Structures are given as C-alpha cells and as structure tokens.
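Novice: I am attaching a structure below and will ask some questions about it afterwards.
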Amino acid sequence: MGGKLRGCDGRDDRTEGVHCEEISERIRALCDGLDESCLDIPALTRQIITGLCPRMTTSGLDNLAAGECAYMTTRYRVYGALAARPAVSNLHKNTKASVSEVTEDLYGYVTERTKLYSLIMSEEVSKIIRENADRLNSEIDYQRKPNCNYFDFTTLELSCLFKLHGKVHERPLLMASIGIHKRDIDAAIETYNLMSENWFTHASPK
C-alpha cells in the first residue's frame, strides 16, 4: 500500500503526491461517528486509487471518493453517509466561509448575458445579514458532521443551494434559517444550531 501514486494537482495549482496511506487516513478521519465495522477501508482505498488519473485536482479526488463510497451503498447504508462527507468537505473548500461575503456576491451578481442585476437573493434577507454580519459569521461551526447521505446532499446542491456561474456558491443551513426567521436573529441561530447538530430538518434537505 505504500509509495507515491500519480500526481494530483492541489487547489492552489501545486502538484501534490498522493499516497495510499494518506487516502486511507483521510477516509478514516471522515468516519467519526459512523459504524466502521461495516466499512471496508482498504477495499474503498483501492477503488479510489484505481480511479485516479494524471493531474487530477484534489477537488476531483474528493468527488471520486464520494462517488466510490456512494457506489458501495448497495452493500451497507453507512457508505451513503460516508459518501456525503468528502462531498461536503469539497463544497467547503470551494466556497467562502463568511456568510456576509457570500451575501454580497449573490445580491450584487450581474448576469453576464444581460449585464443586469440578477435577484438571486431578496433585498430583505441580504440587509438582515449585512446588519448582523459579525454575529452570524461567528456562530457558524463547519466542524459539525452532516447527518445526511450522498443522495440527500447532491439533491441539495442541485436543487436548493444558490449558484453563481453554474457553480454552487453557498453552504447549507444558515441562510435557510435566516430566511425562515428574518429579523429574529436569536431564533435563526437556534434553528441553525439545531439543524447543524442533526436534531431536525425541514422537508427540503437544505
């Protein structure tokens, strides 16, 4: 299992060596809270290595790992929960952590074709976020593990999360909570905490 594999480009365009042990360790780190007795980490690692290609980005590596985990869901459902975790991690690495910065991007978005402002986000919600930016940004905890499977998360990305230029541009939960409670910031934060701690979810996976 040892030795360097084919090159893998980092998100910052540096070439990073990929090792079997590093992939296994990465998978094990994502297994926190899951029933590992049903997970065959060595077999999963081999499948991921088989799918590697020259100069694959680390973002592509996350997507590959998620896809291989999802494929193994037919063996045990826990693979579906594991598959969501590299997908969520990849979303976090390719989107901004600051909800106020994301708000500015979305509210100020100009459509390339028409050169007109596109009303992706309502003025009311964007104003609430601007006025409470410091508190809202400080309340976010991205270390919490999602209680969803790969299908849930990909549905969320496809149908619910805001996009710019065809790519997802926000992270789940907090904006949805603000949209529900508007100016009741305490209630919005409480809802965010309860959803991110997996106490409940709404009909939509968002």
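Within each chain, counting starts at residue 1; across the structure tokens, chains are named A, B, ... in the order shown, with ligands numbered 1 upward in that order.
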Quick one: contact table of segment 136-173 of chain A to segment 103-114 of chain A, 10 Å max, nearest atom pair and distance in Å to one decimal per residue, counting only C-alpha atoms, chain and number order, as a Markdown table?

Specialist:
| residue | atom | partner | partner_atom | distance |
| --- | --- | --- | --- | --- |
| A:Phe162 | CA | A:Leu106 | CA | 7.9 |
| A:Lys163 | CA | A:Leu106 | CA | 8.3 |
| A:Leu164 | CA | A:Leu106 | CA | 7.5 |
| A:His165 | CA | A:Thr111 | CA | 8.8 |
| A:His169 | CA | A:Leu106 | CA | 8.2 |
| A:Glu170 | CA | A:Thr103 | CA | 8.7 |

Novice: Please, which residues of chain A, numbered as in this document, come out strand (DSSP E) from DSSP, as a ChimeraX atom specification?

Specialist: /A:8-9,15-16,56-57,163-164,167-168

Novice: With DSSP run on the backbone, what are the helix (DSSP H, G or I) residues within chain A? I'd like them as a ChimeraX atom specification.

Specialist: /A:20-29,36-38,41-51,58-74,78-93,99-107,123-131,133-139,150-159,174-181,185-196

Novice: Which polymer residues have any atom within 12 Å of an atom of Leu64 of chain A, counting only C-alpha atoms, with same-chain residues fewer than 5 positions away left out, as a list in words?

Specialist: Ile23, Leu44, Thr45, Arg46, Gln47, Ile48, Ile49, Thr50, Gly51, Leu52, Cys53, Met56, Thr57, Thr58, Ser59, Cys69, Ala70, Tyr71, Ala83, Ala84, Pro86, Ala87 and Asn90 of chain A

Novice: Hey, can you spit out that residue selection with N, CA and C atoms as a tab-separated table (two decimals), in the first residue's frame?

Specialist:
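Resulting contents of selection.tsv:
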chain	number	residue	atom	x	y	z
A	23	ILE	N	-4.70	8.45	1.67
A	23	ILE	CA	-6.10	8.28	1.30
A	23	ILE	C	-6.84	7.52	2.40
A	44	LEU	N	-12.09	0.21	-0.18
A	44	LEU	CA	-12.50	1.52	-0.66
A	44	LEU	C	-11.30	2.33	-1.16
A	45	THR	N	-10.20	2.23	-0.43
A	45	THR	CA	-8.97	2.92	-0.84
A	45	THR	C	-8.49	2.41	-2.19
A	46	ARG	N	-8.53	1.09	-2.39
A	46	ARG	CA	-8.11	0.51	-3.67
A	46	ARG	C	-8.99	1.01	-4.82
A	47	GLN	N	-10.30	1.13	-4.56
A	47	GLN	CA	-11.20	1.61	-5.60
A	47	GLN	C	-10.89	3.06	-5.97
A	48	ILE	N	-10.58	3.88	-4.98
A	48	ILE	CA	-10.25	5.28	-5.23
A	48	ILE	C	-8.96	5.38	-6.03
A	49	ILE	N	-7.96	4.58	-5.65
A	49	ILE	CA	-6.68	4.60	-6.34
A	49	ILE	C	-6.86	4.19	-7.80
A	50	THR	N	-7.71	3.20	-8.04
A	50	THR	CA	-7.97	2.74	-9.41
A	50	THR	C	-8.54	3.86	-10.27
A	51	GLY	N	-9.32	4.74	-9.64
A	51	GLY	CA	-9.96	5.82	-10.38
A	51	GLY	C	-9.12	7.06	-10.57
A	52	LEU	N	-7.93	7.11	-9.95
A	52	LEU	CA	-7.06	8.28	-10.09
A	52	LEU	C	-6.58	8.44	-11.53
A	53	CYS	N	-6.42	9.67	-11.96
A	53	CYS	CA	-5.87	9.92	-13.29
A	53	CYS	C	-4.80	11.01	-13.17
A	56	MET	N	-5.07	14.91	-11.65
A	56	MET	CA	-6.40	15.10	-11.07
A	56	MET	C	-6.31	16.13	-9.94
A	57	THR	N	-7.26	17.05	-9.88
A	57	THR	CA	-7.25	18.04	-8.80
A	57	THR	C	-7.67	17.38	-7.50
A	58	THR	N	-7.31	18.00	-6.38
A	58	THR	CA	-7.75	17.45	-5.09
A	58	THR	C	-9.26	17.58	-4.94
A	59	SER	N	-9.84	18.55	-5.62
A	59	SER	CA	-11.30	18.64	-5.65
A	59	SER	C	-11.87	17.43	-6.38
A	69	CYS	N	-17.71	5.80	-2.57
A	69	CYS	CA	-18.48	5.48	-1.36
A	69	CYS	C	-19.95	5.28	-1.69
A	70	ALA	N	-20.49	6.16	-2.52
A	70	ALA	CA	-21.90	6.07	-2.90
A	70	ALA	C	-22.18	4.75	-3.63
A	71	TYR	N	-21.23	4.33	-4.47
A	71	TYR	CA	-21.40	3.08	-5.21
A	71	TYR	C	-21.51	1.89	-4.27
A	83	ALA	N	-20.20	8.82	2.08
A	83	ALA	CA	-20.04	9.48	0.78
A	83	ALA	C	-20.35	10.97	0.86
A	84	ALA	N	-21.29	11.33	1.73
A	84	ALA	CA	-21.66	12.75	1.84
A	84	ALA	C	-20.52	13.59	2.41
A	86	PRO	N	-16.95	13.59	2.14
A	86	PRO	CA	-16.00	14.26	1.23
A	86	PRO	C	-16.69	15.25	0.31
A	87	ALA	N	-17.96	15.00	-0.01
A	87	ALA	CA	-18.70	15.94	-0.85
A	87	ALA	C	-18.91	17.27	-0.11
A	90	ASN	N	-15.60	19.06	0.17
A	90	ASN	CA	-15.25	19.68	-1.09
A	90	ASN	C	-16.01	20.98	-1.30

Novice: What is the distance between atom CA of Leu30 of chain A and atom CA of Thr201 of chain A, in Å to one decimal?

Specialist: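 These atoms are spaced 21.7 Å apart.
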
Novice: For Ile180 of chain A, list every protein, DNA or RNA residue within 12 Å, evaluated using only C-alpha atoms, and leave out those in the same chain fewer than 2 positions away; present the list as a list in words.

Specialist: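 The neighbour list is Glu124, Val125, Leu173, Leu174, Met175, Ala176, Ser177, Ile178, Lys182, Arg183, Asp184, Ile185, Asp186, Ala187, Ala188, Ile189, Glu190, Thr191, Tyr192, His202 and Lys206 of chain A.
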
Novice: Output N, CA and C atoms for every residue in that selection, as a short mmCIF file (atom, residue, chain, number, x, y, z; two decimals), in the first residue's frame.

Specialist:
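Once written, part26.cif looks like this:
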data_model
loop_
_atom_site.label_atom_id
_atom_site.label_comp_id
_atom_site.auth_asym_id
_atom_site.auth_seq_id
_atom_site.Cartn_x
_atom_site.Cartn_y
_atom_site.Cartn_z
N GLU A 124 -34.45 42.05 1.45
CA GLU A 124 -34.72 41.97 2.88
C GLU A 124 -33.72 41.07 3.59
N VAL A 125 -33.51 39.85 3.07
CA VAL A 125 -32.59 38.91 3.71
C VAL A 125 -31.16 39.42 3.64
N LEU A 173 -27.83 25.62 5.43
CA LEU A 173 -28.43 25.80 6.75
C LEU A 173 -28.59 27.24 7.23
N LEU A 174 -27.51 28.03 7.32
CA LEU A 174 -27.66 29.33 7.97
C LEU A 174 -28.57 30.26 7.18
N MET A 175 -28.37 30.37 5.87
CA MET A 175 -29.22 31.26 5.08
C MET A 175 -30.67 30.79 5.10
N ALA A 176 -30.88 29.48 5.11
CA ALA A 176 -32.24 28.96 5.21
C ALA A 176 -32.87 29.37 6.53
N SER A 177 -32.10 29.32 7.61
CA SER A 177 -32.60 29.70 8.93
C SER A 177 -32.97 31.18 8.97
N ILE A 178 -32.14 32.01 8.36
CA ILE A 178 -32.42 33.45 8.31
C ILE A 178 -33.67 33.71 7.46
N LYS A 182 -36.17 35.67 9.59
CA LYS A 182 -35.92 37.07 9.24
C LYS A 182 -35.18 37.80 10.38
N ARG A 183 -35.78 38.83 10.96
CA ARG A 183 -35.06 39.68 11.92
C ARG A 183 -34.96 39.09 13.33
N ASP A 184 -35.56 37.96 13.55
CA ASP A 184 -35.40 37.29 14.86
C ASP A 184 -34.10 36.49 14.79
N ILE A 185 -32.99 37.18 15.01
CA ILE A 185 -31.67 36.57 14.84
C ILE A 185 -31.44 35.44 15.85
N ASP A 186 -31.92 35.61 17.08
CA ASP A 186 -31.77 34.54 18.08
C ASP A 186 -32.44 33.25 17.60
N ALA A 187 -33.65 33.38 17.05
CA ALA A 187 -34.37 32.21 16.56
C ALA A 187 -33.67 31.60 15.34
N ALA A 188 -33.13 32.45 14.47
CA ALA A 188 -32.42 31.96 13.29
C ALA A 188 -31.19 31.16 13.70
N ILE A 189 -30.45 31.67 14.67
CA ILE A 189 -29.25 30.97 15.14
C ILE A 189 -29.64 29.68 15.85
N GLU A 190 -30.72 29.71 16.63
CA GLU A 190 -31.18 28.49 17.30
C GLU A 190 -31.55 27.42 16.26
N THR A 191 -32.27 27.83 15.22
CA THR A 191 -32.65 26.88 14.17
C THR A 191 -31.42 26.34 13.45
N TYR A 192 -30.47 27.23 13.15
CA TYR A 192 -29.23 26.78 12.52
C TYR A 192 -28.52 25.74 13.39
N HIS A 202 -35.94 20.30 7.63
CA HIS A 202 -37.20 20.65 7.01
C HIS A 202 -37.47 19.71 5.84
N LYS A 206 -32.24 21.29 2.50
CA LYS A 206 -31.49 22.49 2.86
C LYS A 206 -31.71 22.84 4.32
#

Novice: For Phe151 of chain A, please output as a ChimeraX atom specification all residues within 8 Å (counting only C-alpha atoms; exclusion window: fewer than 2 positions along the same chain).

Specialist: /A:80,84,149,153-155

Novice: Compare A:Leu194, A:Tyr150, A:His92, A:Ser122 by their minimum atom-to-atom distance to Glu68 of chain A, counting only C-alpha atoms, and give me the closest one.

Specialist: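 Checking each candidate against Glu68 of chain A, we get A:Tyr150 as the closest.
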
Novice: Report as a tab-separated table the residues of segment 64-102 of chain A within 9 Å of segment 138-144 of chain A, each with its shortest atom pair and distance in Å (one decimal), using only C-alpha atoms, ordered by chain and increasing residue number.

Specialist:
residue	atom	partner	partner_atom	distance
A:His92	CA	A:Tyr142	CA	8.2
A:Ala97	CA	A:Tyr142	CA	8.5
A:Ser98	CA	A:Ile140	CA	8.7
A:Val99	CA	A:Ile140	CA	8.7

Novice: Can you write just those residues out, C-alpha atoms, as a PDB file, in the first residue's frame?

Specialist:
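Output (selection_25.pdb):
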ATOM      1  CA  HIS A  92     -16.479  23.941   1.969  1.00  0.00           C
ATOM      2  CA  ALA A  97     -16.843  30.552   4.876  1.00  0.00           C
ATOM      3  CA  SER A  98     -18.230  34.045   5.502  1.00  0.00           C
ATOM      4  CA  VAL A  99     -21.995  34.215   5.064  1.00  0.00           C
TER       5      VAL A  99
END

Novice: Can you list, as number ranges by chain, every protein, DNA or RNA residue that comes within 10 Å of segment 100-102 of chain A when you count only C-alpha atoms, leaving out same-chain residues fewer than 4 positions away?

Specialist: A: 95-96, 106-108, 126-134, 136-137, 162, 169-171

Novice: I want to know what sits within 10 Å of segment 76-78 of chain A, based on only C-alpha atoms, with residues of the same chain fewer than 3 positions away left out; could you give that as an MDAnalysis selection string?

Specialist: chainID A and resid 31 34:39 69:70 72:73 81:83 149

Novice: Please report the interatomic distance between atom CA of Ile27 of chain A and atom CA of Leu91 of chain A in Å with one decimal.

Specialist: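 For atom CA of Ile27 of chain A relative to atom CA of Leu91 of chain A, the distance reads 16.6 Å.
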
Novice: State, in Å with one decimal place, the distance from atom CA of Glu197 of chain A to atom CA of Glu25 of chain A.

Specialist: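 Pair atom CA of Glu197 of chain A / atom CA of Glu25 of chain A returns 24.6 Å.
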